[in-house]
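A.B. asks: This is upload.txt (compact mmCIF, C-alpha atoms and all ligand atoms).
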```txt
# COMPACT_ATOMS: atom_id res chain seq x y z
CA MET Z 1 108.31 45.66 -100.70
CA ALA Z 2 110.22 48.91 -100.31
CA ASP Z 3 110.27 50.43 -96.85
CA VAL Z 4 108.33 53.66 -97.51
CA THR Z 5 108.88 55.00 -94.02
CA ARG Z 6 112.64 55.30 -94.72
CA GLU Z 7 111.97 57.91 -97.42
CA MET Z 8 109.65 59.98 -95.23
CA SER Z 9 110.75 63.03 -93.29
CA SER Z 10 110.51 62.68 -89.55
CA GLU Z 11 107.50 65.02 -89.60
CA GLN Z 12 105.76 62.83 -92.17
CA ARG Z 13 106.58 59.77 -90.12
CA LEU Z 14 104.94 61.39 -87.09
CA GLN Z 15 101.83 62.41 -89.03
CA SER Z 16 101.43 58.93 -90.42
CA TYR Z 17 101.91 57.49 -86.94
CA TYR Z 18 99.15 59.77 -85.60
CA ARG Z 19 96.82 58.66 -88.39
CA GLU Z 20 97.67 55.04 -87.76
CA MET Z 21 96.39 55.12 -84.19
CA LEU Z 22 93.11 56.93 -85.00
CA PRO Z 23 91.10 53.73 -85.54
CA PHE Z 24 92.22 52.50 -82.15
CA ALA Z 25 90.76 55.59 -80.44
CA LEU Z 26 94.18 56.68 -79.28
CA ARG Z 27 95.80 60.11 -79.33
CA PRO Z 28 99.16 61.36 -78.08
CA LEU Z 29 98.89 63.55 -74.98
CA TRP Z 30 101.75 65.79 -76.14
CA LEU Z 31 99.57 67.26 -78.91
CA ASP Z 32 96.97 68.44 -76.40
CA TYR Z 33 99.01 69.03 -73.29
CA LYS Z 34 98.65 72.81 -73.16
CA GLU Z 35 94.94 72.71 -73.91
CA LEU Z 36 94.39 70.01 -71.32
CA LEU Z 37 96.44 71.55 -68.53
CA PRO Z 38 96.54 75.33 -68.89
CA PRO Z 39 98.29 77.24 -66.11
CA GLN Z 40 95.00 78.70 -64.87
CA PRO Z 41 91.29 78.62 -65.73
CA LYS Z 42 89.95 80.52 -68.71
CA SER Z 43 86.18 80.30 -68.69
CA LYS Z 44 84.29 80.06 -71.97
CA ALA Z 45 81.50 81.98 -70.25
CA ILE Z 46 81.82 85.73 -70.60
CA PRO Z 47 81.01 88.58 -68.22
CA TYR Z 48 77.50 89.63 -69.20
CA ARG Z 49 74.58 91.72 -67.98
CA TRP Z 50 70.89 91.12 -68.81
CA SER Z 51 68.84 94.27 -68.47
CA TRP Z 52 65.42 94.05 -66.85
CA ARG Z 53 64.31 96.62 -69.41
CA ASP Z 54 64.87 93.96 -72.10
CA ILE Z 55 63.81 90.92 -70.12
CA ARG Z 56 60.44 92.07 -68.80
CA PRO Z 57 58.67 92.88 -72.10
CA GLN Z 58 59.96 89.63 -73.64
CA MET Z 59 58.71 87.73 -70.58
CA MET Z 60 55.25 89.34 -70.75
CA ARG Z 61 55.06 88.46 -74.44
CA ALA Z 62 55.59 84.82 -73.49
CA GLY Z 63 52.56 85.24 -71.23
CA GLU Z 64 50.47 86.14 -74.27
CA LEU Z 65 51.82 83.42 -76.54
CA VAL Z 66 52.40 80.32 -74.42
CA SER Z 67 50.47 78.74 -71.55
CA THR Z 68 52.18 77.13 -68.56
CA GLU Z 69 50.64 73.87 -69.70
CA GLU Z 70 52.23 74.08 -73.15
CA ALA Z 71 55.54 75.24 -71.79
CA GLU Z 72 55.85 72.97 -68.69
CA ARG Z 73 57.62 76.05 -67.29
CA ARG Z 74 57.19 79.48 -68.87
CA VAL Z 75 60.79 80.53 -68.60
CA LEU Z 76 63.19 82.68 -70.59
CA MET Z 77 66.65 81.26 -70.09
CA LEU Z 78 69.61 83.57 -69.58
CA MET Z 79 72.02 82.31 -72.21
CA ASN Z 80 75.64 83.24 -71.65
CA PRO Z 81 76.81 84.42 -75.10
CA GLY Z 82 80.18 82.71 -74.65
CA LEU Z 83 78.74 79.24 -74.24
CA ASN Z 84 77.57 78.44 -77.77
CA GLY Z 85 73.92 77.81 -77.03
CA LEU Z 86 74.49 75.86 -73.83
CA GLN Z 87 71.55 76.57 -71.56
CA ALA Z 88 73.69 78.18 -68.88
CA ILE Z 89 74.51 81.55 -67.35
CA THR Z 90 77.99 80.31 -66.34
CA SER Z 91 79.60 77.00 -67.25
CA THR Z 92 78.08 75.30 -64.18
CA LEU Z 93 74.98 77.36 -63.39
CA TYR Z 94 71.64 77.83 -65.11
CA ALA Z 95 69.44 80.88 -64.68
CA GLY Z 96 66.04 81.76 -66.08
CA ILE Z 97 63.20 84.19 -65.57
CA GLN Z 98 59.84 82.54 -64.92
CA LEU Z 99 56.35 83.98 -65.25
CA VAL Z 100 53.13 82.61 -63.74
CA LEU Z 101 50.00 84.61 -64.56
CA PRO Z 102 47.03 85.04 -62.20
CA GLY Z 103 45.06 81.80 -61.92
CA GLU Z 104 47.76 79.66 -63.51
CA ILE Z 105 49.52 76.57 -62.21
CA ALA Z 106 52.90 75.30 -63.38
CA ARG Z 107 52.24 71.62 -62.79
CA ALA Z 108 53.98 69.46 -60.21
CA HIS Z 109 57.18 67.69 -61.21
CA ARG Z 110 60.58 66.85 -59.80
CA HIS Z 111 64.09 66.56 -61.17
CA SER Z 112 67.60 65.74 -60.02
CA PRO Z 113 68.90 69.28 -60.54
CA ALA Z 114 68.39 71.49 -57.50
CA ALA Z 115 66.58 74.79 -57.92
CA LEU Z 116 66.20 78.09 -56.16
CA ARG Z 117 63.79 80.94 -56.82
CA PHE Z 118 64.44 84.58 -56.05
CA ILE Z 119 61.19 86.51 -56.36
CA ILE Z 120 61.28 89.68 -58.48
CA GLU Z 121 57.65 90.77 -58.85
CA ALA Z 122 54.69 89.36 -56.94
CA THR Z 123 51.71 90.21 -54.82
CA GLY Z 124 50.85 86.60 -54.12
CA GLY Z 125 51.73 83.21 -55.50
CA TYR Z 126 53.37 80.15 -54.09
CA THR Z 127 55.52 77.14 -54.72
CA THR Z 128 54.48 73.89 -53.10
CA VAL Z 129 57.53 71.83 -52.15
CA ASP Z 130 56.97 68.22 -51.01
CA GLY Z 131 53.47 69.00 -49.76
CA GLU Z 132 54.28 72.35 -48.16
CA ARG Z 133 52.95 75.57 -49.64
CA ILE Z 134 55.51 78.37 -49.56
CA PRO Z 135 54.33 81.94 -50.18
CA MET Z 136 56.42 84.02 -52.58
CA LEU Z 137 56.87 87.76 -52.20
CA PRO Z 138 59.46 90.09 -53.75
CA GLY Z 139 62.97 89.42 -52.47
CA ASP Z 140 62.11 86.04 -50.98
CA LEU Z 141 64.35 83.04 -51.62
CA VAL Z 142 62.58 79.70 -52.00
CA LEU Z 143 64.42 76.38 -52.36
CA THR Z 144 63.28 73.35 -54.31
CA PRO Z 145 66.14 70.93 -53.63
CA ASN Z 146 67.13 67.91 -55.72
CA TRP Z 147 64.20 65.52 -56.36
CA THR Z 148 61.63 67.45 -54.31
CA TRP Z 149 58.15 67.70 -55.88
CA HIS Z 150 57.25 71.25 -56.78
CA ASP Z 151 54.41 73.12 -58.45
CA HIS Z 152 53.99 76.85 -58.75
CA GLY Z 153 50.71 78.74 -58.60
CA ASN Z 154 49.43 82.27 -58.66
CA GLU Z 155 46.21 83.09 -56.81
CA ALA Z 156 46.82 86.84 -56.85
CA ASP Z 157 45.57 89.26 -59.50
CA THR Z 158 49.04 90.33 -60.73
CA PRO Z 159 51.73 88.30 -62.51
CA ILE Z 160 54.45 86.65 -60.48
CA ILE Z 161 57.96 86.75 -61.92
CA TRP Z 162 61.07 85.25 -60.40
CA LEU Z 163 64.65 84.30 -61.10
CA ASP Z 164 65.29 80.56 -61.33
CA GLY Z 165 68.72 79.26 -60.39
CA LEU Z 166 69.54 75.63 -61.10
CA ASP Z 167 72.63 73.42 -61.27
CA ILE Z 168 71.51 72.01 -64.64
CA PRO Z 169 74.84 72.42 -66.52
CA LEU Z 170 76.61 70.59 -63.72
CA ALA Z 171 74.02 67.80 -63.56
CA ARG Z 172 74.26 67.47 -67.34
CA ALA Z 173 78.06 67.35 -67.29
CA LEU Z 174 77.83 64.60 -64.66
CA GLU Z 175 75.14 62.82 -66.71
CA SER Z 176 72.90 62.47 -63.70
CA MET Z 177 69.69 63.99 -65.03
CA PHE Z 178 66.33 62.57 -63.96
CA PHE Z 179 62.88 64.09 -64.43
CA GLU Z 180 59.40 62.95 -63.43
CA LEU Z 181 55.88 64.35 -63.63
CA PHE Z 182 53.74 64.09 -60.50
CA GLY Z 183 50.59 63.31 -62.47
CA ASP Z 184 48.09 65.79 -61.06
CA ASP Z 185 48.70 69.50 -61.72
CA ALA Z 186 49.01 70.30 -58.03
CA GLN Z 187 50.33 67.98 -55.36
CA PRO Z 188 48.26 67.56 -52.18
CA LEU Z 189 49.13 69.80 -49.24
CA THR Z 190 50.40 67.48 -46.51
CA LYS Z 191 52.14 70.02 -44.27
CA PRO Z 192 51.08 73.35 -42.79
CA SER Z 193 51.70 76.30 -45.08
CA ASP Z 194 55.23 77.77 -44.74
CA SER Z 195 56.02 75.26 -41.96
CA SER Z 196 59.74 75.08 -42.76
CA PHE Z 197 59.92 78.78 -41.96
CA PHE Z 198 57.94 78.43 -38.74
CA GLN Z 199 60.15 75.53 -37.64
CA TYR Z 200 63.58 76.76 -38.71
CA GLY Z 201 63.24 80.41 -39.67
CA ALA Z 202 63.55 82.11 -36.29
CA GLY Z 203 67.36 82.09 -36.39
CA GLY Z 204 69.27 80.09 -33.80
CA LEU Z 205 66.30 77.92 -32.91
CA ARG Z 206 65.25 74.58 -34.29
CA PRO Z 207 62.64 71.97 -33.37
CA ALA Z 208 64.59 69.69 -31.01
CA TRP Z 209 62.37 66.67 -31.74
CA GLN Z 210 63.09 66.79 -35.47
CA LYS Z 211 65.92 64.90 -37.07
CA HIS Z 212 66.77 66.47 -40.38
CA SER Z 213 69.18 64.27 -42.28
CA ALA Z 214 68.71 65.49 -45.84
CA SER Z 215 71.70 67.04 -47.59
CA TYR Z 216 69.80 70.28 -48.10
CA SER Z 217 68.48 72.94 -45.77
CA PRO Z 218 65.26 72.07 -43.89
CA LEU Z 219 64.46 75.79 -44.17
CA LEU Z 220 63.02 76.32 -47.66
CA HIS Z 221 61.90 79.93 -47.41
CA TYR Z 222 64.06 82.97 -46.59
CA PRO Z 223 61.76 86.02 -46.57
CA TRP Z 224 63.39 89.22 -47.77
CA PRO Z 225 62.44 91.62 -44.95
CA GLN Z 226 64.69 89.95 -42.36
CA THR Z 227 67.56 89.52 -44.82
CA ARG Z 228 67.39 93.17 -45.81
CA ALA Z 229 67.05 94.37 -42.21
CA THR Z 230 70.11 92.34 -41.18
CA LEU Z 231 72.17 93.76 -44.04
CA GLU Z 232 71.06 97.27 -43.24
CA ARG Z 233 71.89 96.89 -39.56
CA LEU Z 234 75.34 95.45 -40.32
CA ALA Z 235 76.18 98.07 -42.93
CA ALA Z 236 75.55 100.80 -40.37
CA THR Z 237 78.52 99.61 -38.30
CA THR Z 238 80.90 97.71 -40.60
CA ALA Z 239 82.26 97.82 -44.13
CA GLY Z 240 82.31 94.00 -44.13
CA GLY Z 241 84.96 92.01 -45.99
CA PRO Z 242 87.40 93.51 -48.48
CA HIS Z 243 86.06 91.74 -51.60
CA ASP Z 244 82.33 91.65 -51.05
CA GLY Z 245 81.59 94.18 -48.36
CA VAL Z 246 78.69 93.29 -46.09
CA ILE Z 247 77.58 89.94 -47.46
CA LEU Z 248 75.45 87.24 -45.84
CA GLU Z 249 75.26 83.62 -46.82
CA TYR Z 250 71.86 81.97 -46.65
CA THR Z 251 72.56 78.90 -44.52
CA ASN Z 252 71.23 75.50 -43.72
CA PRO Z 253 70.23 76.16 -40.07
CA VAL Z 254 71.18 72.63 -39.02
CA THR Z 255 74.75 72.66 -40.38
CA GLY Z 256 75.52 76.35 -40.87
CA GLY Z 257 76.62 75.31 -44.37
CA PRO Z 258 75.26 76.15 -47.81
CA VAL Z 259 71.55 75.82 -48.52
CA MET Z 260 72.02 72.97 -50.98
CA PRO Z 261 74.93 70.64 -51.83
CA THR Z 262 75.54 72.21 -55.23
CA MET Z 263 74.67 75.87 -54.77
CA ALA Z 264 75.30 78.59 -52.20
CA CYS Z 265 73.24 81.79 -51.97
CA PHE Z 266 74.25 85.23 -50.80
CA ALA Z 267 72.79 88.67 -50.21
CA GLN Z 268 74.94 91.77 -49.91
CA VAL Z 269 74.65 95.50 -49.60
CA LEU Z 270 76.92 98.13 -51.13
CA ARG Z 271 76.74 101.56 -49.53
CA PRO Z 272 76.73 104.69 -51.71
CA GLY Z 273 80.27 105.21 -52.98
CA GLN Z 274 81.44 101.78 -51.81
CA ARG Z 275 83.93 99.99 -54.05
CA THR Z 276 85.05 96.46 -53.23
CA LYS Z 277 88.60 95.20 -53.80
CA ALA Z 278 89.09 93.08 -56.89
CA HIS Z 279 89.56 89.33 -56.59
CA ARG Z 280 88.88 86.11 -58.43
CA HIS Z 281 87.80 82.61 -57.53
CA THR Z 282 87.19 79.32 -59.26
CA SER Z 283 83.51 79.44 -58.34
CA SER Z 284 81.24 81.24 -60.77
CA ALA Z 285 78.24 83.35 -59.87
CA ALA Z 286 74.97 84.76 -61.13
CA TYR Z 287 73.94 88.09 -59.56
CA HIS Z 288 70.54 89.71 -59.36
CA VAL Z 289 70.13 93.35 -58.41
CA VAL Z 290 67.41 93.51 -55.77
CA GLU Z 291 67.60 97.29 -55.29
CA GLY Z 292 69.78 100.16 -56.41
CA SER Z 293 72.32 100.63 -59.17
CA GLY Z 294 76.04 100.56 -59.79
CA PHE Z 295 78.52 98.59 -61.87
CA SER Z 296 80.89 95.67 -61.68
CA MET Z 297 84.19 95.34 -63.47
CA VAL Z 298 84.52 91.73 -64.58
CA ASP Z 299 87.68 90.74 -66.48
CA GLY Z 300 87.92 94.32 -67.76
CA GLU Z 301 84.26 94.49 -68.84
CA ARG Z 302 82.19 97.20 -67.22
CA LEU Z 303 78.77 95.76 -66.40
CA GLU Z 304 76.40 98.58 -65.50
CA TRP Z 305 73.52 97.32 -63.43
CA ASP Z 306 70.18 98.62 -62.30
CA ALA Z 307 67.34 97.21 -60.22
CA LYS Z 308 66.22 93.71 -61.32
CA ASP Z 309 69.09 93.21 -63.79
CA VAL Z 310 70.99 89.93 -63.79
CA PHE Z 311 74.71 89.53 -64.46
CA ALA Z 312 77.22 86.72 -64.76
CA VAL Z 313 80.69 86.47 -63.22
CA PRO Z 314 82.51 83.50 -64.81
CA ALA Z 315 84.99 81.32 -62.96
CA TRP Z 316 88.35 82.96 -62.27
CA ALA Z 317 87.23 86.33 -63.66
CA VAL Z 318 88.77 89.24 -61.79
CA HIS Z 319 85.91 91.35 -60.47
CA HIS Z 320 84.93 94.12 -58.14
CA HIS Z 321 81.66 95.91 -57.46
CA GLU Z 322 81.02 99.59 -57.15
CA ASN Z 323 77.98 101.53 -56.01
CA ASN Z 324 78.29 104.89 -57.76
CA SER Z 325 74.77 105.98 -56.78
CA SER Z 326 73.44 107.78 -53.72
CA GLN Z 327 71.26 104.84 -52.57
CA ASP Z 328 72.20 101.52 -50.99
CA ALA Z 329 72.48 98.70 -53.53
CA TYR Z 330 71.32 95.18 -52.62
CA LEU Z 331 72.58 92.18 -54.59
CA PHE Z 332 71.46 88.57 -54.46
CA SER Z 333 73.80 85.94 -55.90
CA PHE Z 334 74.10 82.19 -56.24
CA THR Z 335 77.27 80.23 -56.88
CA ASP Z 336 78.72 76.73 -57.24
CA VAL Z 337 81.02 77.21 -54.22
CA PRO Z 338 79.88 74.03 -52.39
CA VAL Z 339 80.81 71.84 -55.36
CA LEU Z 340 84.27 73.30 -55.78
CA ALA Z 341 84.88 73.22 -52.03
CA ALA Z 342 83.82 69.57 -51.75
CA LEU Z 343 86.17 68.61 -54.58
CA ASP Z 344 89.13 70.64 -53.30
CA LEU Z 345 88.94 72.85 -56.39
CA LEU Z 346 87.97 76.10 -54.68
CA ARG Z 347 90.68 78.75 -55.01
CA GLU Z 348 90.49 82.43 -54.37
CA ALA Z 349 93.09 85.11 -55.02
CA PRO Z 350 93.33 88.89 -54.96
CA ALA Z 351 93.57 90.51 -58.40
CA ALA Z 352 96.97 89.84 -59.95
O1 LIG F 1 60.29 75.76 -62.10
O2 LIG F 1 60.65 73.64 -62.03
O3 LIG F 1 63.87 77.55 -65.01
O4 LIG F 1 62.04 72.57 -63.93
C1 LIG F 1 63.94 75.24 -65.41
C2 LIG F 1 63.49 73.98 -65.13
C3 LIG F 1 62.43 76.16 -63.81
C4 LIG F 1 60.90 74.75 -62.49
C5 LIG F 1 63.42 76.31 -64.74
C6 LIG F 1 62.49 73.80 -64.18
C7 LIG F 1 61.96 74.90 -63.51
```
Take the structure in this file and express it as structure tokens.
Ligand code: GTQ
C.D. replies:
Amino acid sequence: MADVTREMSSEQRLQSYYREMLPFALRPLWLDYKELLPPQPKSKAIPYRWSWRDIRPQMMRAGELVSTEEAERRVLMLMNPGLNGLQAITSTLYAGIQLVLPGEIARAHRHSPAALRFIIEATGGYTTVDGERIPMLPGDLVLTPNWTWHDHGNEADTPIIWLDGLDIPLARALESMFFELFGDDAQPLTKPSDSSFFQYGAGGLRPAWQKHSASYSPLLHYPWPQTRATLERLAATTAGGPHDGVILEYTNPVTGGPVMPTMACFAQVLRPGQRTKAHRHTSSAAYHVVEGSGFSMVDGERLEWDAKDVFAVPAWAVHHHENNSSQDAYLFSFTDVPVLAALDLLREAPAA
């Protein structure tokens, strides 16, 4: 038999070699090297702003069309347009807007992804977390850490709407997703209402007889009034850091670290006319405008934001924030900082 390879060009020989190894599930690294190891991150997620003006009517429409029972959770997910239908606001973070109407219950369940709620509109309503009822008012942060039972209810006469933040894309990428229904709609109340706040919420004090060994914060409720007052007080005397101004991290009061192992939460204030210095970091973030208006430049995109809007800052996107209004602007944000830090992948740099 003639040796066909001798008549082939070297390019043809290579192509036939590549085809030859396909059935063995092998592929040469040199074909993919640049894709596999680019010099720096380029997120598929894009800078994007969701306007409350668009979100709210769509959310209320869901209230007319779908019950909490049918939906499990009546949520409109914030889909980053760069991520091809992945249920994610950045590549690692999930965000949604959830509505619970007066008298409704979103039944008790638990899952391995950790969740946080930042309340947008409410006059009453609660989340019960592992037997403890936590009241929800506008601006409050409520945690439902990994595998904690939680059900949401609304006993007020107005809708409750909040921002959900979860580490779902991360948990999916790590193929560590678990989900379980409690059985009954509401779990029994086994602890005093808001007891995590009464035990750990005073700031600098904790019950000395308690041993809290969980990986998440024992404080599950961070009411807005004290967060806002602290920001306001600080902003009166300092401009804060160069890149984020006066910004506070919500902490685990036992460790001083992030509230949960996968997500960190922040609140910041931008004074009228304040413009932060541009920087970038490998962590990504979802922002929610609590009060005020302004804009952020994110990888050259101008994201104009107003009260209750949500916007995404992808990993390694150069960004700065600017308050071009005459009122203070308050931003809430959550990020994947703890994950990157734990894995030695957290990098931060001023704008190039
Ligand atoms: O409230 O438990 O946005 O399980 C997505 C999944 C909210 C919740 C979401 C959930 C929840």
A.B. asks: Go through Z:Ala108, Z:Leu22, Z:Val100, Z:Ile120 one by one, measure the shortest atom-to-atom distance of each to Gly183 of chain Z using all atoms listed in the file, and give the residue with the smallest value.
C.D. replies: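 Counting all atoms listed in the file, the residue closest to Gly183 of chain Z is Z:Ala108.
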A.B. asks: Using all atoms listed in the file, what are the residues with an atom within 8 Å of ligand LIG 1 (chain F), set out as an MDAnalysis selection string?
C.D. replies: chainID Z and resid 72:77 94:98 106 109:111 115 150:152 163:166
A.B. asks: Which one of Z:Leu189, Z:Leu86, Z:Ala264, Z:Leu346 sits closest to Ala173 of chain Z if you count only C-alpha atoms?
C.D. replies: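 Between Z:Leu189, Z:Leu86, Z:Ala264, Z:Leu346, the residue approaching Ala173 of chain Z most closely is Z:Leu86.
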A.B. asks: Residues within 10 Å of (66.9, 72.5, -52.9), file coordinates, counting all atoms listed in the file: what are they? Give the list as a compact mmCIF listing (two decimals) with C-alpha atoms, in the coordinates of the input.
C.D. replies:
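Below you can see out-v6.txt, which holds the result:
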```
# COMPACT_ATOMS: atom_id res chain seq x y z
CA SER Z 112 67.60 65.74 -60.02
CA PRO Z 113 68.90 69.28 -60.54
CA ALA Z 114 68.39 71.49 -57.50
CA ALA Z 115 66.58 74.79 -57.92
CA LEU Z 116 66.20 78.09 -56.16
CA ARG Z 117 63.79 80.94 -56.82
CA VAL Z 129 57.53 71.83 -52.15
CA VAL Z 142 62.58 79.70 -52.00
CA LEU Z 143 64.42 76.38 -52.36
CA THR Z 144 63.28 73.35 -54.31
CA PRO Z 145 66.14 70.93 -53.63
CA ASN Z 146 67.13 67.91 -55.72
CA TRP Z 147 64.20 65.52 -56.36
CA THR Z 148 61.63 67.45 -54.31
CA LEU Z 166 69.54 75.63 -61.10
CA SER Z 215 71.70 67.04 -47.59
CA TYR Z 216 69.80 70.28 -48.10
CA SER Z 217 68.48 72.94 -45.77
CA PRO Z 218 65.26 72.07 -43.89
CA LEU Z 219 64.46 75.79 -44.17
CA LEU Z 220 63.02 76.32 -47.66
CA VAL Z 259 71.55 75.82 -48.52
CA MET Z 260 72.02 72.97 -50.98
CA PRO Z 261 74.93 70.64 -51.83
CA THR Z 262 75.54 72.21 -55.23
CA MET Z 263 74.67 75.87 -54.77
```
A.B. asks: Ranking Z:Ser195, Z:Thr227, Z:Asn84, Z:Thr92 by minimum distance to Arg133 of chain Z and counting all atoms listed in the file, which one comes first?
C.D. replies: Z:Ser195
A.B. asks: So, counting all atoms listed in the file, which residue among Z:Pro338, Z:Gly82, Z:Pro138, Z:Gly103 is closest to Thr282 of chain Z?
C.D. replies: Z:Pro338
A.B. asks: Quick one: everything within 10 Å of Gln274 of chain Z, counting all atoms listed in the file, minus sequence neighbours fewer than 6 positions away in the same chain. Send it as a list in words.
C.D. replies: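 Within the cut-off, the hits are Ala239, Gly245, Gly294, His321, Glu322, Asn323, Asn324, Ser325, Asp328 and Ala329 of chain Z.
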A.B. asks: Residues as selected, C-alpha atoms, written as an mmCIF file, in the coordinates of the input, can you do that?
C.D. replies:
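The new file result.cif reads:
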```
data_model
loop_
_atom_site.group_PDB
_atom_site.id
_atom_site.type_symbol
_atom_site.label_atom_id
_atom_site.label_comp_id
_atom_site.auth_asym_id
_atom_site.auth_seq_id
_atom_site.Cartn_x
_atom_site.Cartn_y
_atom_site.Cartn_z
ATOM 1 C CA ALA Z 239 82.260 97.820 -44.130
ATOM 2 C CA GLY Z 245 81.590 94.180 -48.360
ATOM 3 C CA GLY Z 294 76.040 100.560 -59.790
ATOM 4 C CA HIS Z 321 81.660 95.910 -57.460
ATOM 5 C CA GLU Z 322 81.020 99.590 -57.150
ATOM 6 C CA ASN Z 323 77.980 101.530 -56.010
ATOM 7 C CA ASN Z 324 78.290 104.890 -57.760
ATOM 8 C CA SER Z 325 74.770 105.980 -56.780
ATOM 9 C CA ASP Z 328 72.200 101.520 -50.990
ATOM 10 C CA ALA Z 329 72.480 98.700 -53.530
#
```
A.B. asks: From the list Z:Ala307, Z:Tyr330, Z:Pro135, Z:His320, which residue is nearest Arg53 of chain Z when using only C-alpha atoms?
C.D. replies: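 Counting only C-alpha atoms, the residue closest to Arg53 of chain Z is Z:Ala307.
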A.B. asks: Excluding Gly204 of chain Z and its own-chain neighbours fewer than 6 positions away, which residues fall within 12 Å of it when counting all atoms listed in the file? Please give them as a PyMOL selection string.
C.D. replies: chain Z and resi 251-256
A.B. asks: Limited to C-alpha atoms, could you put the picked residues into a file as an mmCIF file, in the frame of the given file?
C.D. replies:
```cif
data_model
loop_
_atom_site.group_PDB
_atom_site.id
_atom_site.type_symbol
_atom_site.label_atom_id
_atom_site.label_comp_id
_atom_site.auth_asym_id
_atom_site.auth_seq_id
_atom_site.Cartn_x
_atom_site.Cartn_y
_atom_site.Cartn_z
ATOM 1 C CA THR Z 251 72.560 78.900 -44.520
ATOM 2 C CA ASN Z 252 71.230 75.500 -43.720
ATOM 3 C CA PRO Z 253 70.230 76.160 -40.070
ATOM 4 C CA VAL Z 254 71.180 72.630 -39.020
ATOM 5 C CA THR Z 255 74.750 72.660 -40.380
ATOM 6 C CA GLY Z 256 75.520 76.350 -40.870
#
```
A.B. asks: Taking (49.8, 74.8, -63.0) in the file's own coordinates, collect the residues within 6 Å, counting all atoms listed in the file, and hand them back as a short mmCIF file (atom, residue, chain, number, x, y, z; two decimals) with C-alpha atoms, in the coordinates of the input.
C.D. replies:
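The resulting point.cif:
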```
data_model
loop_
_atom_site.label_atom_id
_atom_site.label_comp_id
_atom_site.auth_asym_id
_atom_site.auth_seq_id
_atom_site.Cartn_x
_atom_site.Cartn_y
_atom_site.Cartn_z
CA GLU Z 104 47.76 79.66 -63.51
CA ILE Z 105 49.52 76.57 -62.21
CA ALA Z 106 52.90 75.30 -63.38
CA ARG Z 107 52.24 71.62 -62.79
CA GLY Z 153 50.71 78.74 -58.60
CA ASP Z 185 48.70 69.50 -61.72
#
```
A.B. asks: Considering all atoms listed in the file, can you say which of Z:Glu121, Z:Glu11, Z:Asp140, Z:Glu291 comes closest to Asn154 of chain Z?
C.D. replies: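 The answer is Z:Glu121, which sits nearest to Asn154 of chain Z.
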A.B. asks: Which polymer residues have any atom within 12 Å of an atom of Tyr17 of chain Z, counting all atoms listed in the file, with same-chain residues fewer than 3 positions away left out, as a PDB file with C-alpha atoms, in the coordinates of the input?
C.D. replies:
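Okay, part_32.pdb is ready:
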```pdb
ATOM      1  CA  THR Z   5     108.880  55.000 -94.020  1.00  0.00           C
ATOM      2  CA  MET Z   8     109.650  59.980 -95.230  1.00  0.00           C
ATOM      3  CA  SER Z  10     110.510  62.680 -89.550  1.00  0.00           C
ATOM      4  CA  GLU Z  11     107.500  65.020 -89.600  1.00  0.00           C
ATOM      5  CA  GLN Z  12     105.760  62.830 -92.170  1.00  0.00           C
ATOM      6  CA  ARG Z  13     106.580  59.770 -90.120  1.00  0.00           C
ATOM      7  CA  LEU Z  14     104.940  61.390 -87.090  1.00  0.00           C
ATOM      8  CA  GLU Z  20      97.670  55.040 -87.760  1.00  0.00           C
ATOM      9  CA  MET Z  21      96.390  55.120 -84.190  1.00  0.00           C
ATOM     10  CA  LEU Z  22      93.110  56.930 -85.000  1.00  0.00           C
ATOM     11  CA  PRO Z  23      91.100  53.730 -85.540  1.00  0.00           C
ATOM     12  CA  PHE Z  24      92.220  52.500 -82.150  1.00  0.00           C
ATOM     13  CA  LEU Z  26      94.180  56.680 -79.280  1.00  0.00           C
ATOM     14  CA  ARG Z  27      95.800  60.110 -79.330  1.00  0.00           C
ATOM     15  CA  PRO Z  28      99.160  61.360 -78.080  1.00  0.00           C
TER      16      PRO Z  28
END
```
A.B. asks: So how far away is atom CA of Tyr222 of chain Z from atom CA of Phe197 of chain Z, in Å?
C.D. replies: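 Separation of atom CA of Phe197 of chain Z and atom CA of Tyr222 of chain Z: 7.5 Å.
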A.B. asks: Name all residues at most 7 Å from Asp309 of chain Z (count all atoms listed in the file; drop same-chain ones fewer than 2 positions away) and give them as a PyMOL selection string.
C.D. replies: chain Z and resi 50-52+288-289+305-307+311
A.B. asks: Atom CA of Cys265 of chain Z and atom CA of Gln40 of chain Z, how far apart in Å?
C.D. replies: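 Going from atom CA of Gln40 of chain Z over to atom CA of Cys265 of chain Z, I get 25.5 Å.
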A.B. asks: Using Å and a single decimal, report how far atom CA of Leu101 of chain Z sits from atom CA of Ala62 of chain Z.
C.D. replies: 10.5 Å
